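In what follows, a structure is listed as structure tokens, so that the remarks can point back to it.
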Amino acid sequence: MITILSAVGLAVLLSTGASAAYFLVVLPRRWRLPYEQSLALLDSDDRDELERADRLLGQAVNAGPRGRALDRIRFAQAYVRAMLGRYEPARYGAAATVLDELISAEGRTEHTAYLELWLHARLENHDRVTDLYTEHTALLTARPESRRIAAVSHLQLAVAHFRRREMDGALHHFDRVRALGELTDRIPPEVNDLQLVKGVQAVFDGRAEEAREAFGDAKKRAEDRELPTTEAELGILACDWADGDPQELGGRLDGLAQQVAERPADDPTTALLRTGVAVLRLLVLLREWRGRPARSGAPSPSDFRELERRAGAVREADPELGDAALVEGLVRYYFALSQPEREQALAVLDQGKGLAKGITLPEVLHLMERERELGGEGSAVSRYLALIGEFLQDPDRSAEELAEYRRLKERFQQFGDAGGLDDSAKPQPPAPQDDFRRRSQALRRRIELIVRPRLRDLDEDAPARLAVQALLKELEEASKVYADGAEVLYGAERKLITTTGEILLPEESDDQDRA
């Protein structure tokens, strides 16, 4: 019996030992050998060796390791597939899958957290990268490279937001790059202007409140970073421009001008700011004039001196900008009381037209062209002499009419000539009756052109203006009743020509000049 029990015990011991040897020696050897062989290949840059390491790790997993051994093998498998991603990007996804399974089963360590961060960066999951770094900073702090990876993703996200014109998002990510202390040299200098860009876009789109909020945020941001707030304050002023009090706006602009004067001269934005503030100070002066009580009169000489001073500040800030000439020239033209003053205004506008950034408004260019075509009083005399020359060549005129026209020509020739205008019209055959209406209309336009420099500044009820209007009306009526005789039309034309001469050169002035 004892012998039997001893035999049974020996068999059990042998079986237990064999089992232990199998599980402790045989099985571990089946996964350990390929695992250890793969580790020797992980540092290689050769794709074939990395592929062999991946196959060895697959054999090791299939050998049935457990616990921490399985975790180490799966981590190595995720790592080698991540390295293979350099040759085949799809391997990055395969590596991320293995790593997710490992993290789900065993949680994150500093090694798995870093590899996860690196893999998502390679997969360009930049939102995920930034979230991982924020959530697991404690695990990643030991790896300085993790900060650089996170900084790269924040830069990518900042650029994406900027391209979509999402300025708040772009600023957030640029600020995170600064906080990480990595790649700060990659942040464009213009980043500090993103809120300003947002505000400017809102202004042009008519979103005043949004623009005001953006400029306010830009000002606060500049104050927090101890940077100048001039641009932000200028934006806020632009939002207040339409409804703001001109005096209050002018005071704020004076303060901004002082800020600009204190900025470094070599700062590329200083010149632009100086020009912008100078232009606004010129325009706010007009706002102040417009705010004066009704019927308070035209601007005084001191007002025009201040206009010249502010326009000069714009020219000094940017000599090639035509805005100063545009504003000053139009104001002088509007308030001109005589032809010399009007010529002075046109000269100012001409100066602005010839600049590199000159006057291009079609309405203003048309005004200048028309004024040059009309000319001054000298041009009026030249046109008048050319008109008289045409009447002297008309064979249908009576001797009395021709004598009157010769007297007028002799009288006006001492003050000018035809100025290159054709005053030697050839005699034409008598025109049909239908043409006399067009003839009268043409004469009317020419007379209006001649007397315009003299009549434009007169009151509506001035005798000279009323006399010309009456004679033009008589001419029109005479052309309608031409069938009653050409002498009616010729008489009306003669009266109109003679009266036009009196307006251009009154007899009293003529006598004084002769004396």
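So you can find residues: chains in the structure tokens are A, B, ... in the order shown, residues in each start at 1, and ligands are numbered from 1 in order.
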Quiz item: Which neighbours of range 268-278 of chain A fall inside 12 Å, counting only C-alpha atoms, when residues of the same chain fewer than 3 positions from it are skipped, and could you give them as an NGL selection string?
Solution: :A and (190 or 193 or 228-235 or 237-238 or 249-265 or 281-285 or 307 or 309-324)
Apply DSSP to the backbone of this structure and, from range 82-117 of chain A, keep only the residues in helix (DSSP H, G or I); write these as a tab-separated table (two decimals) with all heavy atoms, in the first residue's frame.
```tsv
chain	number	residue	atom	x	y	z
A	82	ALA	N	4.51	52.30	-35.82
A	82	ALA	CA	4.64	53.75	-35.95
A	82	ALA	C	5.86	54.11	-36.78
A	82	ALA	O	5.83	55.02	-37.63
A	82	ALA	CB	4.72	54.39	-34.57
A	83	MET	N	6.97	53.38	-36.57
A	83	MET	CA	8.17	53.64	-37.36
A	83	MET	C	7.96	53.29	-38.83
A	83	MET	O	8.47	53.95	-39.74
A	83	MET	CB	9.34	52.83	-36.80
A	83	MET	CG	9.78	53.23	-35.40
A	83	MET	SD	10.28	54.98	-35.26
A	83	MET	CE	8.80	55.72	-34.54
A	84	LEU	N	7.20	52.24	-39.08
A	84	LEU	CA	6.91	51.85	-40.46
A	84	LEU	C	6.01	52.87	-41.16
A	84	LEU	O	5.93	52.89	-42.39
A	84	LEU	CB	6.26	50.46	-40.48
A	84	LEU	CG	7.22	49.29	-40.25
A	84	LEU	CD1	6.44	48.01	-39.97
A	84	LEU	CD2	8.15	49.11	-41.44
A	90	ALA	N	-0.32	54.42	-43.81
A	90	ALA	CA	-1.43	53.67	-43.23
A	90	ALA	C	-1.02	52.95	-41.95
A	90	ALA	O	-1.87	52.63	-41.11
A	90	ALA	CB	-1.97	52.67	-44.25
A	91	ARG	N	0.28	52.71	-41.78
A	91	ARG	CA	0.76	52.03	-40.58
A	91	ARG	C	0.56	52.89	-39.33
A	91	ARG	O	0.51	52.37	-38.23
A	91	ARG	CB	2.24	51.68	-40.73
A	91	ARG	CG	2.52	50.64	-41.81
A	91	ARG	CD	1.95	49.28	-41.44
A	91	ARG	NE	2.35	48.26	-42.39
A	91	ARG	CZ	3.42	47.48	-42.24
A	91	ARG	NH1	4.18	47.60	-41.16
A	91	ARG	NH2	3.72	46.58	-43.15
A	92	TYR	N	0.49	54.21	-39.51
A	92	TYR	CA	0.23	55.07	-38.34
A	92	TYR	C	-1.12	54.72	-37.72
A	92	TYR	O	-1.26	54.63	-36.49
A	92	TYR	CB	0.23	56.54	-38.74
A	92	TYR	CG	1.59	57.11	-39.09
A	92	TYR	CD1	1.76	57.87	-40.24
A	92	TYR	CD2	2.68	56.89	-38.27
A	92	TYR	CE1	2.99	58.39	-40.58
A	92	TYR	CE2	3.93	57.42	-38.60
A	92	TYR	CZ	4.08	58.16	-39.76
A	92	TYR	OH	5.31	58.68	-40.08
A	93	GLY	N	-2.12	54.51	-38.57
A	93	GLY	CA	-3.44	54.12	-38.06
A	93	GLY	C	-3.40	52.78	-37.37
A	93	GLY	O	-4.04	52.58	-36.33
A	94	ALA	N	-2.66	51.80	-37.95
A	94	ALA	CA	-2.54	50.48	-37.33
A	94	ALA	C	-1.86	50.58	-35.98
A	94	ALA	O	-2.27	49.92	-35.00
A	94	ALA	CB	-1.77	49.55	-38.25
A	95	ALA	N	-0.83	51.40	-35.89
A	95	ALA	CA	-0.14	51.59	-34.61
A	95	ALA	C	-1.07	52.21	-33.58
A	95	ALA	O	-1.07	51.82	-32.40
A	95	ALA	CB	1.09	52.45	-34.81
A	96	ALA	N	-1.87	53.21	-34.01
A	96	ALA	CA	-2.79	53.87	-33.08
A	96	ALA	C	-3.83	52.89	-32.56
A	96	ALA	O	-4.23	52.94	-31.39
A	96	ALA	CB	-3.46	55.04	-33.77
A	97	THR	N	-4.26	51.95	-33.40
A	97	THR	CA	-5.25	50.96	-32.96
A	97	THR	C	-4.68	50.06	-31.88
A	97	THR	O	-5.33	49.80	-30.84
A	97	THR	CB	-5.70	50.11	-34.17
A	97	THR	OG1	-6.28	50.95	-35.16
A	97	THR	CG2	-6.71	49.06	-33.74
A	98	VAL	N	-3.46	49.56	-32.09
A	98	VAL	CA	-2.82	48.70	-31.08
A	98	VAL	C	-2.63	49.48	-29.78
A	98	VAL	O	-2.88	48.95	-28.68
A	98	VAL	CB	-1.47	48.19	-31.61
A	98	VAL	CG1	-0.72	47.42	-30.50
A	98	VAL	CG2	-1.67	47.30	-32.82
A	99	LEU	N	-2.22	50.73	-29.91
A	99	LEU	CA	-1.96	51.53	-28.71
A	99	LEU	C	-3.25	51.83	-27.95
A	99	LEU	O	-3.28	51.80	-26.71
A	99	LEU	CB	-1.27	52.84	-29.11
A	99	LEU	CG	-0.69	53.67	-27.97
A	99	LEU	CD1	0.39	52.89	-27.22
A	99	LEU	CD2	-0.11	54.98	-28.51
A	100	ASP	N	-4.34	52.10	-28.68
A	100	ASP	CA	-5.62	52.35	-28.02
A	100	ASP	C	-6.07	51.12	-27.22
A	100	ASP	O	-6.59	51.26	-26.10
A	100	ASP	CB	-6.69	52.72	-29.06
A	100	ASP	CG	-6.51	54.12	-29.59
A	100	ASP	OD1	-5.80	54.91	-28.94
A	100	ASP	OD2	-7.07	54.42	-30.67
A	101	GLU	N	-5.88	49.93	-27.77
A	101	GLU	CA	-6.25	48.71	-27.06
A	101	GLU	C	-5.42	48.54	-25.79
A	101	GLU	O	-5.94	48.16	-24.73
A	101	GLU	CB	-6.06	47.50	-27.97
A	101	GLU	CG	-7.03	47.47	-29.16
A	101	GLU	CD	-6.71	46.34	-30.12
A	101	GLU	OE1	-5.70	45.65	-29.89
A	101	GLU	OE2	-7.49	46.14	-31.09
A	102	LEU	N	-4.14	48.85	-25.91
A	102	LEU	CA	-3.25	48.74	-24.74
A	102	LEU	C	-3.65	49.74	-23.66
A	102	LEU	O	-3.75	49.40	-22.47
A	102	LEU	CB	-1.81	48.97	-25.17
A	102	LEU	CG	-0.74	49.00	-24.07
A	102	LEU	CD1	-0.74	47.70	-23.29
A	102	LEU	CD2	0.63	49.30	-24.65
A	103	ILE	N	-3.94	51.01	-24.06
A	103	ILE	CA	-4.30	52.03	-23.08
A	103	ILE	C	-5.65	51.71	-22.45
A	103	ILE	O	-5.85	51.90	-21.24
A	103	ILE	CB	-4.31	53.42	-23.76
A	103	ILE	CG1	-2.88	53.82	-24.13
A	103	ILE	CG2	-4.94	54.47	-22.87
A	103	ILE	CD1	-2.79	55.11	-24.95
A	104	SER	N	-6.58	51.21	-23.24
A	104	SER	CA	-7.89	50.85	-22.70
A	104	SER	C	-7.78	49.75	-21.65
A	104	SER	O	-8.51	49.75	-20.66
A	104	SER	CB	-8.82	50.39	-23.83
A	104	SER	OG	-9.03	51.43	-24.77
A	105	ALA	N	-6.83	48.82	-21.86
A	105	ALA	CA	-6.69	47.70	-20.93
A	105	ALA	C	-5.87	48.06	-19.70
A	105	ALA	O	-6.21	47.65	-18.58
A	105	ALA	CB	-6.06	46.51	-21.65
A	106	GLU	N	-4.84	48.82	-19.86
A	106	GLU	CA	-3.89	49.03	-18.76
A	106	GLU	C	-3.74	50.48	-18.34
A	106	GLU	O	-3.03	50.76	-17.36
A	106	GLU	CB	-2.52	48.49	-19.18
A	106	GLU	CG	-2.51	47.02	-19.55
A	106	GLU	CD	-2.91	46.12	-18.38
A	106	GLU	OE1	-2.71	46.52	-17.21
A	106	GLU	OE2	-3.44	45.03	-18.65
A	110	GLU	N	3.76	57.21	-19.00
A	110	GLU	CA	4.45	58.31	-19.68
A	110	GLU	C	4.90	57.89	-21.07
A	110	GLU	O	4.97	58.71	-21.99
A	110	GLU	CB	5.64	58.79	-18.86
A	110	GLU	CG	6.71	57.74	-18.63
A	110	GLU	CD	7.84	58.30	-17.78
A	110	GLU	OE1	7.62	58.54	-16.58
A	110	GLU	OE2	8.92	58.51	-18.35
A	111	HIS	N	5.18	56.58	-21.25
A	111	HIS	CA	5.62	56.09	-22.56
A	111	HIS	C	4.45	55.99	-23.54
A	111	HIS	O	4.56	56.43	-24.69
A	111	HIS	CB	6.30	54.73	-22.41
A	111	HIS	CG	7.47	54.75	-21.47
A	111	HIS	ND1	8.61	55.46	-21.73
A	111	HIS	CD2	7.65	54.16	-20.25
A	111	HIS	CE1	9.47	55.31	-20.73
A	111	HIS	NE2	8.90	54.53	-19.81
A	112	THR	N	3.35	55.40	-23.10
A	112	THR	CA	2.21	55.28	-24.00
A	112	THR	C	1.59	56.65	-24.30
A	112	THR	O	1.12	56.89	-25.42
A	112	THR	CB	1.14	54.36	-23.40
A	112	THR	OG1	0.76	54.84	-22.11
A	112	THR	CG2	1.68	52.93	-23.26
A	113	ALA	N	1.61	57.56	-23.31
A	113	ALA	CA	1.06	58.90	-23.54
A	113	ALA	C	1.88	59.64	-24.61
A	113	ALA	O	1.31	60.30	-25.50
A	113	ALA	CB	1.04	59.69	-22.24
A	114	TYR	N	3.20	59.52	-24.54
A	114	TYR	CA	4.04	60.20	-25.52
A	114	TYR	C	3.86	59.60	-26.92
A	114	TYR	O	3.74	60.33	-27.92
A	114	TYR	CB	5.51	60.14	-25.11
A	114	TYR	CG	6.41	60.77	-26.13
A	114	TYR	CD1	6.50	62.16	-26.23
A	114	TYR	CD2	7.15	60.00	-27.02
A	114	TYR	CE1	7.31	62.76	-27.19
A	114	TYR	CE2	7.97	60.58	-27.98
A	114	TYR	CZ	8.04	61.97	-28.05
A	114	TYR	OH	8.83	62.56	-29.01
A	115	LEU	N	3.83	58.25	-26.99
A	115	LEU	CA	3.65	57.62	-28.30
A	115	LEU	C	2.28	57.98	-28.89
A	115	LEU	O	2.16	58.21	-30.10
A	115	LEU	CB	3.79	56.11	-28.17
A	115	LEU	CG	3.69	55.32	-29.48
A	115	LEU	CD1	4.73	55.81	-30.50
A	115	LEU	CD2	3.83	53.82	-29.24
A	116	GLU	N	1.27	58.04	-28.05
A	116	GLU	CA	-0.07	58.44	-28.53
A	116	GLU	C	-0.04	59.86	-29.07
A	116	GLU	O	-0.61	60.16	-30.14
A	116	GLU	CB	-1.07	58.32	-27.39
A	116	GLU	CG	-2.50	58.61	-27.80
A	116	GLU	CD	-3.46	58.51	-26.64
A	116	GLU	OE1	-3.02	58.61	-25.48
A	116	GLU	OE2	-4.67	58.34	-26.89
A	117	LEU	N	0.62	60.76	-28.36
A	117	LEU	CA	0.73	62.15	-28.80
A	117	LEU	C	1.45	62.21	-30.16
A	117	LEU	O	1.00	62.91	-31.09
A	117	LEU	CB	1.50	62.96	-27.75
A	117	LEU	CG	1.53	64.47	-27.94
A	117	LEU	CD1	0.21	65.07	-27.48
A	117	LEU	CD2	2.67	65.10	-27.12
```
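Each of A:Arg290, A:His126, A:Arg108, A:Lys353 was checked against His173 in chain A using only C-alpha atoms; the smallest atom-to-atom distance is that of A:His126.
If you measure from each of A:Arg55, A:Arg456, A:Arg186, A:Gln156 to Ser338 in chain A using only C-alpha atoms, the closest one turns out to be A:Arg456.
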Practice problem: Give me the residues within 7 Å of range 210-217 of chain A as a VMD selection string, counting only C-alpha atoms and dropping any in the same chain fewer than 6 places off. | Solution: chain A and resid 195 to 196 198 to 200 202 to 203 232 235 to 236 239
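Minimum atom-to-atom distance to Pro299 in chain A, evaluated using only C-alpha atoms, belongs to A:Leu337 out of A:Leu337, A:Leu155, A:Glu248, A:Thr500.
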Quiz item: Quick one: distance from CA of Glu223 in chain A to CA of Asp175 in chain A in Å, one decimal?
Solution: 15.2 Å
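Interatomic distance, CA of Phe174 in chain A against CA of Arg225 in chain A: 13.9 Å.
Contact shell of Gln344 in chain A at 10 Å (only C-alpha atoms; same-chain neighbours under 5 positions omitted): A:Gly329, A:Arg332, A:Tyr333, A:Ala336, A:Gln339, A:Leu349, A:Asp350.
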